[in-house]
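For reference, coords.cif is printed below; it contains mmCIF, C-alpha atoms.
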data_run
#
loop_
_atom_site.label_atom_id
_atom_site.label_comp_id
_atom_site.auth_asym_id
_atom_site.auth_seq_id
_atom_site.Cartn_x
_atom_site.Cartn_y
_atom_site.Cartn_z
CA MET X 1 0.00 0.00 0.00
CA THR X 2 1.29 3.43 -0.91
CA SER X 3 0.26 6.86 0.34
CA LEU X 4 1.15 10.07 -1.49
CA THR X 5 0.53 13.29 0.45
CA SER X 6 1.45 16.71 -0.86
CA TYR X 7 0.99 20.32 0.23
CA ASN X 8 1.93 23.03 -2.23
CA LYS X 9 1.82 26.80 -1.70
CA ASP X 10 2.78 29.04 -4.58
CA ASP X 11 2.87 32.86 -4.68
CA TYR X 12 3.85 34.89 -7.71
CA PHE X 13 4.12 38.57 -8.55
CA THR X 14 5.30 40.25 -11.74
CA PHE X 15 5.55 43.94 -12.53
CA SER X 16 6.55 44.82 -16.09
CA ASP X 17 6.37 47.31 -18.92
CA TYR X 18 3.20 46.38 -20.82
CA ASN X 19 4.26 47.79 -24.19
CA ARG X 20 7.96 46.95 -23.77
CA LEU X 21 8.96 50.09 -25.57
CA PRO X 22 10.24 52.98 -23.41
CA GLN X 23 10.66 55.27 -26.40
CA SER X 24 7.69 57.54 -26.93
CA ARG X 25 6.97 61.16 -27.73
CA GLN X 26 6.31 63.61 -24.92
CA PHE X 27 2.81 64.51 -23.82
CA ASN X 28 1.26 67.79 -24.84
CA PRO X 29 0.78 70.00 -21.76
CA VAL X 30 -2.90 69.97 -20.73
CA PRO X 31 -3.88 72.59 -18.13
CA GLY X 32 -5.28 70.96 -15.00
CA LEU X 33 -3.86 67.53 -15.86
CA THR X 34 -0.15 68.12 -16.40
CA ASN X 35 2.45 70.72 -15.55
CA ALA X 36 3.97 72.98 -18.19
CA SER X 37 6.32 70.18 -19.29
CA GLY X 38 3.49 67.72 -19.81
CA VAL X 39 4.36 65.72 -16.67
CA ILE X 40 1.48 63.88 -15.02
CA CYS X 41 1.86 62.12 -11.67
CA ASP X 42 0.13 58.75 -11.60
CA PRO X 43 -0.12 56.84 -8.27
CA GLN X 44 0.94 53.54 -9.83
CA VAL X 45 3.00 54.66 -12.83
CA GLY X 46 4.84 57.59 -11.25
CA CYS X 47 5.55 61.08 -12.61
CA ASP X 48 6.32 61.12 -16.33
CA ASN X 49 5.62 63.08 -19.48
CA HIS X 50 5.68 60.00 -21.73
CA PHE X 51 2.99 57.44 -22.48
CA ARG X 52 3.59 54.64 -19.96
CA THR X 53 1.65 51.40 -19.51
CA PHE X 54 2.63 48.82 -16.90
CA ASP X 55 1.00 45.62 -15.69
CA ILE X 56 0.97 43.53 -12.53
CA SER X 57 0.13 39.86 -12.44
CA SER X 58 -0.19 38.22 -9.03
CA GLY X 59 -1.76 35.22 -7.38
CA ASP X 60 -1.61 32.96 -4.32
CA THR X 61 -2.36 29.27 -4.71
CA THR X 62 -2.54 26.45 -2.20
CA GLN X 63 -3.05 22.80 -2.99
CA TRP X 64 -3.52 19.66 -0.91
CA THR X 65 -3.45 16.22 -2.48
CA GLU X 66 -3.75 12.77 -0.98
CA GLU X 67 -3.64 9.50 -2.84
CA LEU X 68 -3.87 5.95 -1.53
CA ARG X 69 -3.01 2.95 -3.70
CA LEU X 70 -3.20 -0.76 -2.99
CA GLN X 71 -1.47 -3.12 -5.40
CA SER X 72 -1.57 -6.90 -5.36
CA ASN X 73 1.15 -9.31 -6.43
CA PHE X 74 -0.62 -12.66 -6.25
CA ASP X 75 0.82 -15.78 -7.82
CA GLY X 76 -2.55 -16.64 -9.36
CA PRO X 77 -4.17 -15.24 -12.51
CA PHE X 78 -5.95 -12.32 -10.79
CA ASN X 79 -4.33 -9.10 -9.61
CA PHE X 80 -5.45 -5.56 -9.03
CA ASP X 81 -4.29 -2.00 -8.52
CA ILE X 82 -6.91 0.11 -6.75
CA GLY X 83 -6.83 3.54 -5.18
CA ALA X 84 -8.45 6.84 -4.40
CA ASN X 85 -7.31 10.43 -4.45
CA TYR X 86 -8.42 13.83 -3.18
CA LEU X 87 -7.44 17.30 -4.36
CA ASP X 88 -8.21 20.69 -2.84
CA PHE X 89 -6.88 23.59 -4.96
CA LYS X 90 -7.45 27.22 -4.10
CA LEU X 91 -6.43 30.35 -6.04
CA ALA X 92 -7.27 33.41 -4.00
CA PRO X 93 -7.03 35.95 -5.31
CA SER X 94 -5.70 36.17 -8.83
CA ASP X 95 -5.20 39.70 -10.13
CA TYR X 96 -4.13 41.10 -13.47
CA PHE X 97 -3.78 44.89 -13.50
CA VAL X 98 -2.99 47.14 -16.45
CA PHE X 99 -2.12 50.75 -15.56
CA SER X 100 -1.52 53.66 -17.83
CA ASN X 101 -0.95 57.32 -17.03
CA THR X 102 -3.36 58.21 -19.85
CA LEU X 103 -6.12 56.10 -18.23
CA THR X 104 -5.54 57.91 -14.94
CA ALA X 105 -5.56 61.28 -16.74
CA THR X 106 -8.84 60.36 -18.45
CA THR X 107 -10.35 59.37 -15.08
CA LEU X 108 -9.27 62.71 -13.61
CA ALA X 109 -10.63 64.61 -16.62
CA PHE X 110 -14.08 62.97 -16.81
CA GLY X 111 -14.62 61.47 -13.35
CA GLY X 112 -12.50 63.32 -10.83
CA PRO X 113 -9.91 62.33 -8.21
CA SER X 114 -12.39 60.32 -6.10
CA PHE X 115 -12.38 57.61 -8.81
CA VAL X 116 -8.59 57.29 -8.77
CA ASP X 117 -6.92 54.69 -6.54
CA PHE X 118 -3.99 56.47 -4.88
CA ASN X 119 -2.63 53.25 -3.31
CA ASN X 120 0.48 51.60 -4.64
CA PRO X 121 0.12 48.67 -4.90
CA PRO X 122 -3.53 49.26 -5.80
CA ASP X 123 -6.45 47.91 -3.77
CA SER X 124 -8.70 47.01 -6.76
CA THR X 125 -11.25 49.77 -6.10
CA GLY X 126 -9.85 52.29 -8.58
CA GLN X 127 -11.56 53.08 -11.85
CA ASN X 128 -8.33 54.35 -13.39
CA TYR X 129 -6.97 50.91 -14.33
CA TYR X 130 -8.05 47.54 -15.68
CA ASP X 131 -8.20 44.76 -13.08
CA ASN X 132 -9.18 41.20 -13.91
CA ARG X 133 -9.69 39.62 -10.46
CA SER X 134 -11.10 36.26 -9.49
CA ASN X 135 -11.01 33.58 -6.81
CA TYR X 136 -11.10 29.94 -7.86
CA ARG X 137 -11.48 26.68 -5.98
CA LEU X 138 -11.44 23.08 -7.16
CA LYS X 139 -12.30 20.12 -4.96
CA SER X 140 -11.93 16.79 -6.66
CA TRP X 141 -11.94 13.18 -5.58
CA ALA X 142 -11.77 9.98 -7.52
CA ALA X 143 -11.83 6.24 -6.93
CA MET X 144 -10.10 4.05 -9.47
CA GLY X 145 -9.08 0.49 -9.99
CA GLU X 146 -7.55 -1.80 -12.57
CA PHE X 147 -8.18 -5.51 -12.50
CA TYR X 148 -5.97 -7.98 -14.34
CA TYR X 149 -6.73 -11.50 -15.45
CA GLN X 150 -3.76 -13.48 -16.75
CA PRO X 151 -4.87 -17.00 -17.77
CA THR X 152 -1.46 -17.80 -19.26
CA GLU X 153 2.02 -16.34 -18.94
CA ALA X 154 1.62 -14.62 -22.31
CA LEU X 155 -1.95 -13.33 -22.20
CA ARG X 156 -3.36 -10.63 -19.95
CA PHE X 157 -6.76 -8.94 -19.88
CA THR X 158 -7.21 -5.53 -18.22
CA LEU X 159 -10.36 -3.84 -16.96
CA GLY X 160 -10.00 -0.34 -15.52
CA LEU X 161 -12.70 1.83 -13.96
CA ARG X 162 -12.59 5.33 -12.51
CA TYR X 163 -15.21 7.50 -10.89
CA THR X 164 -14.41 11.23 -10.72
CA ASN X 165 -16.21 13.98 -8.84
CA ASP X 166 -15.07 17.54 -9.64
CA HIS X 167 -16.55 20.58 -7.91
CA LYS X 168 -15.49 24.00 -9.18
CA GLU X 169 -16.21 27.47 -7.81
CA VAL X 170 -15.38 30.84 -9.33
CA ASP X 171 -15.87 34.16 -7.61
CA ALA X 172 -15.14 36.68 -10.36
CA PHE X 173 -15.13 40.48 -10.23
CA SER X 174 -15.95 42.63 -13.23
CA PRO X 175 -13.31 45.14 -14.32
CA ILE X 176 -14.46 48.65 -13.38
CA LEU X 177 -12.21 50.80 -15.57
CA PHE X 178 -14.12 54.05 -16.21
CA GLY X 179 -17.11 52.70 -14.24
CA PHE X 180 -18.11 56.28 -13.45
CA LEU X 181 -19.28 56.60 -17.06
CA GLY X 182 -21.97 54.04 -16.19
CA GLY X 183 -22.83 55.62 -12.84
CA LEU X 184 -20.68 53.36 -10.64
CA PRO X 185 -19.89 55.17 -7.36
CA ALA X 186 -16.31 55.72 -6.19
CA GLY X 187 -14.80 52.83 -4.21
CA ALA X 188 -17.32 50.30 -5.46
CA VAL X 189 -16.46 46.78 -6.60
CA VAL X 190 -18.61 44.66 -8.91
CA GLU X 191 -18.62 41.11 -7.61
CA ASN X 192 -20.46 38.61 -9.78
CA PRO X 193 -22.62 35.86 -8.25
CA LEU X 194 -20.63 32.83 -7.15
CA GLN X 195 -20.53 30.28 -9.95
CA GLU X 196 -20.26 26.62 -9.02
CA VAL X 197 -20.60 23.41 -10.93
CA THR X 198 -20.10 19.71 -10.21
CA PHE X 199 -19.12 17.05 -12.72
CA ARG X 200 -19.50 13.34 -11.91
CA GLU X 201 -18.22 10.92 -14.49
CA THR X 202 -17.31 7.25 -14.82
CA THR X 203 -14.55 6.32 -17.23
CA GLY X 204 -12.34 3.33 -17.82
CA ARG X 205 -10.58 1.04 -20.22
CA LEU X 206 -10.74 -2.52 -21.42
CA GLY X 207 -8.10 -4.39 -23.33
CA VAL X 208 -5.75 -7.26 -23.86
CA ASP X 209 -2.05 -7.70 -24.41
CA TRP X 210 -0.51 -10.88 -25.80
CA HIS X 211 3.21 -11.72 -25.68
CA PHE X 212 3.07 -14.16 -28.58
CA SER X 213 6.89 -14.43 -28.59
CA PRO X 214 9.62 -13.41 -26.13
CA ASP X 215 10.37 -10.37 -28.29
CA SER X 216 6.93 -9.24 -29.44
CA MET X 217 3.69 -8.11 -27.88
CA LEU X 218 0.33 -7.36 -29.49
CA TYR X 219 -2.18 -5.18 -27.70
CA ALA X 220 -5.62 -3.69 -28.25
CA PHE X 221 -7.44 -1.31 -25.93
CA TYR X 222 -10.63 0.66 -25.72
CA SER X 223 -10.50 3.66 -23.35
CA ARG X 224 -12.95 6.33 -22.37
CA GLY X 225 -11.46 9.54 -21.01
CA TYR X 226 -12.87 12.69 -19.48
CA LYS X 227 -11.70 16.25 -18.78
CA GLY X 228 -13.86 18.51 -16.64
CA GLY X 229 -15.64 21.59 -17.93
CA GLY X 230 -15.54 25.01 -16.32
CA PHE X 231 -16.28 28.71 -16.55
CA ASN X 232 -15.47 31.40 -19.07
CA PRO X 233 -14.41 34.93 -18.00
CA PRO X 234 -17.54 37.02 -17.31
CA SER X 235 -16.40 39.91 -19.48
CA SER X 236 -16.46 37.67 -22.58
CA VAL X 237 -19.85 36.03 -21.98
CA GLY X 238 -22.47 36.97 -24.55
CA ILE X 239 -19.90 38.18 -27.06
CA ALA X 240 -19.50 36.16 -30.29
CA GLY X 241 -21.70 33.40 -28.89
CA ILE X 242 -19.56 32.75 -25.80
CA ASN X 243 -21.40 30.90 -23.00
CA ALA X 244 -20.83 31.34 -19.27
CA THR X 245 -19.63 27.75 -18.98
CA PHE X 246 -18.01 25.14 -21.18
CA ASP X 247 -18.77 21.43 -21.10
CA PRO X 248 -16.61 18.46 -20.17
CA GLU X 249 -14.62 16.78 -22.89
CA PHE X 250 -14.96 13.05 -23.59
CA VAL X 251 -12.93 10.80 -25.80
CA ASN X 252 -13.54 7.24 -26.90
CA SER X 253 -10.18 5.82 -27.89
CA TYR X 254 -9.54 2.64 -29.85
CA GLU X 255 -5.91 1.66 -30.16
CA ALA X 256 -4.07 -1.44 -31.32
CA GLY X 257 -0.38 -2.00 -31.76
CA LEU X 258 2.63 -4.23 -31.92
CA LYS X 259 5.78 -3.75 -29.81
CA ASN X 260 8.95 -5.57 -30.77
CA THR X 261 12.47 -5.85 -29.38
CA LEU X 262 14.48 -7.50 -32.15
CA MET X 263 18.09 -8.39 -33.06
CA ASN X 264 19.03 -9.33 -29.50
CA GLY X 265 17.77 -6.01 -28.20
CA GLN X 266 19.50 -3.83 -30.78
CA LEU X 267 16.30 -2.84 -32.59
CA LEU X 268 13.12 -1.47 -31.07
CA LEU X 269 10.19 -1.40 -33.50
CA ASN X 270 6.71 -0.27 -32.46
CA LEU X 271 3.63 0.01 -34.67
CA THR X 272 0.41 1.70 -33.54
CA ALA X 273 -2.94 2.51 -35.12
CA PHE X 274 -5.60 4.52 -33.33
CA HIS X 275 -8.99 6.17 -33.65
CA TYR X 276 -10.00 8.94 -31.22
CA ASP X 277 -13.61 10.09 -31.17
CA TYR X 278 -13.93 13.35 -29.20
CA LYS X 279 -17.22 14.75 -27.92
CA GLY X 280 -16.93 18.29 -26.63
CA TYR X 281 -13.23 18.68 -27.39
CA GLN X 282 -12.10 21.84 -25.54
CA ILE X 283 -10.46 24.57 -27.59
CA SER X 284 -9.44 28.10 -26.58
CA ARG X 285 -9.64 31.43 -28.36
CA ILE X 286 -9.28 35.07 -27.40
CA VAL X 287 -12.52 37.05 -27.13
CA ASN X 288 -12.66 40.56 -25.66
CA ARG X 289 -9.02 40.27 -24.51
CA ASN X 290 -9.74 37.08 -22.54
CA SER X 291 -9.07 33.43 -23.20
CA VAL X 292 -12.34 31.49 -23.46
CA ASN X 293 -13.08 27.80 -23.99
CA GLU X 294 -15.53 26.20 -26.39
CA ASN X 295 -16.50 22.62 -27.21
CA ILE X 296 -16.38 20.96 -30.60
CA ASP X 297 -16.62 17.38 -31.81
CA ALA X 298 -13.57 15.92 -33.47
CA THR X 299 -12.18 12.65 -34.76
CA VAL X 300 -8.57 11.66 -35.16
CA ASN X 301 -7.38 8.63 -37.10
CA GLY X 302 -3.71 7.88 -37.05
CA ALA X 303 -0.87 5.44 -37.30
CA GLU X 304 2.72 5.61 -36.05
CA ILE X 305 5.91 3.68 -36.58
CA GLU X 306 8.63 4.22 -34.02
CA THR X 307 12.05 2.66 -34.22
CA VAL X 308 15.29 2.89 -32.25
CA TRP X 309 18.38 1.05 -33.55
CA ASN X 310 21.53 0.63 -31.46
CA PRO X 311 24.01 -1.10 -33.78
CA THR X 312 26.91 -0.48 -31.37
CA HIS X 313 27.38 1.10 -27.95
CA ASN X 314 28.41 4.36 -29.62
CA TRP X 315 25.63 4.72 -32.20
CA ARG X 316 21.89 5.12 -31.89
CA PHE X 317 19.44 5.86 -34.73
CA ASN X 318 15.90 7.08 -33.99
CA GLY X 319 13.09 7.18 -36.51
CA THR X 320 9.41 8.00 -36.25
CA LEU X 321 6.82 8.08 -38.99
CA GLY X 322 3.31 9.31 -38.26
CA TRP X 323 0.13 9.70 -40.25
CA LEU X 324 -2.88 11.69 -39.00
CA ASP X 325 -6.32 12.18 -40.52
CA THR X 326 -8.31 14.67 -38.43
CA SER X 327 -11.64 16.39 -38.72
CA ASP X 328 -13.58 18.67 -36.42
CA GLN X 329 -17.10 19.98 -36.28
CA ARG X 330 -17.18 23.46 -34.83
CA PRO X 331 -19.99 25.98 -34.45
CA ALA X 332 -20.09 28.56 -37.21
CA PRO X 333 -20.08 32.22 -36.04
CA ARG X 334 -23.51 33.92 -36.01
CA SER X 335 -25.20 30.78 -37.21
CA THR X 336 -26.84 27.67 -35.85
CA SER X 337 -25.18 25.57 -38.51
CA SER X 338 -21.73 24.15 -38.18
CA ILE X 339 -18.54 23.91 -40.17
CA ALA X 340 -16.78 20.64 -40.83
CA ARG X 341 -13.03 20.81 -41.29
CA LYS X 342 -10.78 18.02 -42.35
CA ALA X 343 -7.02 17.69 -42.47
CA THR X 344 -4.54 14.98 -43.22
CA ARG X 345 -0.94 15.18 -42.06
CA ARG X 346 2.14 13.08 -42.26
CA SER X 347 5.21 13.64 -40.15
CA LEU X 348 8.64 12.13 -40.04
CA MET B 1 9.93 38.02 -40.28
CA TYR B 2 13.47 39.30 -39.86
CA ALA B 3 12.87 42.49 -41.83
CA SER B 4 13.31 45.66 -39.80
CA SER B 5 9.75 46.69 -40.66
CA SER B 6 8.45 43.70 -38.68
CA LEU B 7 10.18 45.06 -35.57
CA GLN B 8 8.31 48.34 -35.59
CA SER B 9 6.12 49.36 -32.68
CA VAL B 10 2.37 49.36 -32.18
CA ASN B 11 0.48 52.52 -33.13
CA SER B 12 -0.49 53.98 -29.74
CA LEU B 13 -3.72 55.38 -31.23
CA ALA B 14 -4.87 51.78 -31.68
CA THR B 15 -4.45 51.03 -27.95
CA LEU B 16 -6.95 51.75 -25.21
CA GLY B 17 -4.61 54.04 -23.28
CA GLY B 18 -3.41 55.76 -26.43
CA SER B 19 -6.87 56.41 -27.81
CA PHE B 20 -8.10 57.99 -24.55
CA GLY B 21 -4.82 59.91 -24.33
CA ALA B 22 -5.68 61.34 -27.73
CA ILE B 23 -9.24 62.26 -26.68
CA ILE B 24 -8.03 64.34 -23.74
CA GLY B 25 -5.29 65.98 -25.82
CA LEU B 26 -2.21 64.40 -24.21
CA ILE B 27 -1.06 62.42 -27.24
CA PRO B 28 -3.21 63.19 -30.30
CA PHE B 29 -0.65 61.33 -32.41
CA ASN B 30 1.17 57.99 -32.44
CA ALA B 31 3.31 58.19 -29.32
CA TYR B 32 5.53 55.42 -30.68
CA ALA B 33 6.61 57.38 -33.74
CA THR B 34 9.20 60.07 -34.23
CA THR B 35 8.05 63.59 -34.98
CA GLY B 36 8.65 62.60 -38.61
CA GLY B 37 6.09 59.84 -38.25
CA VAL B 38 8.56 56.94 -38.43
CA PRO B 39 7.68 54.23 -35.86
CA PHE B 40 10.31 53.46 -33.25
CA GLN B 41 11.81 50.03 -33.63
CA GLN B 42 12.01 47.37 -30.99
CA ASP B 43 15.36 45.80 -30.22
CA PRO B 44 15.96 43.09 -32.86
CA ASN B 45 17.45 40.88 -30.17
CA PHE B 46 14.44 39.27 -28.51
CA ARG B 47 16.57 38.50 -25.47
CA ASN B 48 16.76 42.22 -24.74
CA LEU B 49 13.75 43.55 -22.91
CA ASP B 50 12.96 47.21 -23.57
CA THR B 51 11.38 48.69 -20.49
CA ALA B 52 10.82 52.04 -18.82
CA ILE B 53 11.03 50.47 -15.34
CA ASP B 54 13.00 47.78 -13.55
CA PRO B 55 10.69 44.78 -13.97
CA ARG B 56 10.05 42.52 -10.99
CA TYR B 57 9.50 38.78 -11.26
CA GLU B 58 8.97 37.06 -7.95
CA ALA B 59 7.78 33.56 -7.14
CA ARG B 60 7.84 31.53 -3.95
CA LEU B 61 7.03 27.86 -3.72
CA THR B 62 6.61 25.78 -0.58
CA LEU B 63 6.26 22.07 -1.15
CA LEU B 64 5.79 19.38 1.47
CA SER B 65 5.33 15.78 0.42
CA SER B 66 5.24 12.39 2.03
CA THR B 67 5.21 8.93 0.42
CA PRO B 68 5.14 6.16 3.03
CA LYS B 69 4.81 2.64 1.62
CA LEU B 70 3.56 -0.47 3.43
CA ILE B 71 4.53 -3.82 1.90
CA SER B 72 2.94 -7.05 3.04
CA ARG B 73 5.26 -10.04 2.77
CA HIS B 74 2.39 -12.44 3.21
CA ARG B 75 1.99 -14.27 -0.11
CA LEU B 76 -1.54 -15.02 -1.22
CA ARG B 77 -2.75 -17.32 -3.93
#

Please go through the file and, once you have read it, give me the structure as structure tokens.
Amino acid sequence: MTSLTSYNKDDYFTFSDYNRLPQSRQFNPVPGLTNASGVICDPQVGCDNHFRTFDISSGDTTQWTEELRLQSNFDGPFNFDIGANYLDFKLAPSDYFVFSNTLTATTLAFGGPSFVDFNNPPDSTGQNYYDNRSNYRLKSWAAMGEFYYQPTEALRFTLGLRYTNDHKEVDAFSPILFGFLGGLPAGAVVENPLQEVTFRETTGRLGVDWHFSPDSMLYAFYSRGYKGGGFNPPSSVGIAGINATFDPEFVNSYEAGLKNTLMNGQLLLNLTAFHYDYKGYQISRIVNRNSVNENIDATVNGAEIETVWNPTHNWRFNGTLGWLDTSDQRPAPRSTSSIARKATRRSL
Amino acid sequence: MYASSSLQSVNSLATLGGSFGAIIGLIPFNAYATTGGVPFQQDPNFRNLDTAIDPRYEARLTLLSSTPKLISRHRLR
């Protein structure tokens, strides 16, 4: 029996030049906003008479994991490997700020100083910068087991099952840059309703491997896999058909192959053919300056040849040949129809 | 890709901060261009980071892990 326990705490903070180009032309003097030299003093950016944009990315994460595994080593035909795991991940908070002395000047010009955050580092209540802030929590547990039946020395059947329970929570805040234009009072924050979702799925695999000679093994497996869904950033929802959540991804995988160790171990030669049928394959794209996820259906057919040849102790030759035939079915923009795309690739 | 024109800078008027800077009269022009209108060029060496400030990159990781293993020597059939 094996126990794996882990506690992980990770803090990060970056402060950088957003445009990565210090050269810029000087500001025009604007009475009431700058001095005679065009200098404006920004609480986060400092005093400058050039266009400056900086960003801060920060976050604190903590994670607990525990996994228990029990493996058998019986002399008979039956064996097993069973276990369970638990994960508690917390990101609180995650901030991404973008500051610019022109955004602060605009806030002063149209809103007034009460809408400017004079703290440095900022406290997320200012309307003179962009702040993407959220808290995230994932609690997940799973029970899994593989059961092996080996009627002969050369033949082994495998049945694997896994039950997964994922619970996700997101507490997201809307960016309030220039919120005064919409009537937002000074010092206000816009916290969205807590989003939470639970996914419960059963997956597994079934297959056989056959060592028909001391140097060669044939195998064939069916597997069903799952990846949990989640939430999209609130500021992108409703734009270009983006939903508040995205669905889990499932794959039915059929794979068969032959593994060989030939020429007294000098030559490794593996052949594989596979068919992956994805339902809800998760893809990302940028919408309204945020990364969002969508689901599409996709199929992948492929075959691979992999070889490693060690003719002497000093020489090794590696070769891989792959063939892929892929197609996906993705939603068409501004339409209820869909677009089918197909591609075939070979690689060496 | 390696042409000098591909290393030019973004037009500040196309950015959020630059467009509002233009509205209030601070920079009613491309701030990343010379007075002759020629865009400033970024450093062709991507390993060089152009910046108006000293950037800060900080990360701290605390990791505790334990992996006890219990082995039964009792053989079962």

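Within 6 Å of chain B, counting only C-alpha atoms, chain X contributes Met1, Thr2, Ser3, Leu4, Thr5, Ser6, Tyr7, Asn8, Lys9, Asp10, Asp11, Tyr12, Phe13, Thr14, Phe15, Ser16, Asp17, Arg20, Leu21, Pro22, Ser24, Arg25, Phe27, Asn28, Phe74, Asp75, Gly76, Thr102 and Leu103 of chain X.
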
Could you list, as number ranges by chain, every residue within 10 Å of X:Ser37, counting only C-alpha atoms and ignoring same-chain residues fewer than 3 positions away? X: 26-30, 34, 40, 48-49

Matched chain/residue IDs from the PyMOL selection byres ((chain X and resi 94) around 6), as number ranges by chain: X: 58-59, 92-93, 95, 133-134

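Residue nearest X:Pro151, chosen from X:Gly182, X:Pro77, X:Pro248, X:Pro122 and counting all atoms listed in the file: X:Pro77.
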
Check what the PyMOL selection byres ((chain X and resi 81) around 6) selects in the file above and give those residues as a PyMOL selection string. chain X and resi 70-71+80+82+145-146

Would you put the residues from that selection into a file with C-alpha atoms, as a PDB file, in the frame of the given file?
ATOM      1  CA  LEU X  70      -3.200  -0.760  -2.990  1.00  0.00           C
ATOM      2  CA  GLN X  71      -1.470  -3.120  -5.400  1.00  0.00           C
ATOM      3  CA  PHE X  80      -5.450  -5.560  -9.030  1.00  0.00           C
ATOM      4  CA  ILE X  82      -6.910   0.110  -6.750  1.00  0.00           C
ATOM      5  CA  GLY X 145      -9.080   0.490  -9.990  1.00  0.00           C
ATOM      6  CA  GLU X 146      -7.550  -1.800 -12.570  1.00  0.00           C
TER       7      GLU X 146
END

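Separating atom CA of X:Leu184 from atom CA of X:Phe97 is a distance of 19.1 Å.
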
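Take atom CA of X:Pro311 and atom CA of X:Gly265: the distance between them is 9.7 Å.
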
Could you list, as an MDAnalysis selection string, every residue matched by the PyMOL selection byres ((chain X and resi 218-224) around 12) in this structure? chainID X and resid 154:163 201:217 225:227 249:260 270:279

Mind giving me the straight-line distance from atom CA of X:Thr326 to atom CA of X:Ala303 in Å, one decimal? 11.9 Å

Around all the atoms of stretch 46-52 of chain B listed in the file, with 6 Å of room on each side, what axis-aligned box do you get, giving centre and edge lengths in Å to one decimal, as JSON?
{"center_x": 13.8, "center_y": 45.3, "center_z": -23.7, "size_x": 17.9, "size_y": 25.5, "size_z": 21.7}

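Among the candidates X:Leu269, X:Phe115, X:Gln23, X:Ala244, the one nearest to X:Pro185 when counting only C-alpha atoms is X:Phe115.
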
Give me, as number ranges by chain, all polymer residues having an atom no more than 8 Å from stretch 294-296 of chain X, counting all atoms listed in the file and skipping those fewer than 4 positions away in the same chain. X: 242, 246-247, 249, 279-284, 328-331

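Across X:Lys168, X:Gly83, X:Asn293, X:Val98, the tightest approach to X:Leu68 is made by X:Gly83 when counting only C-alpha atoms.
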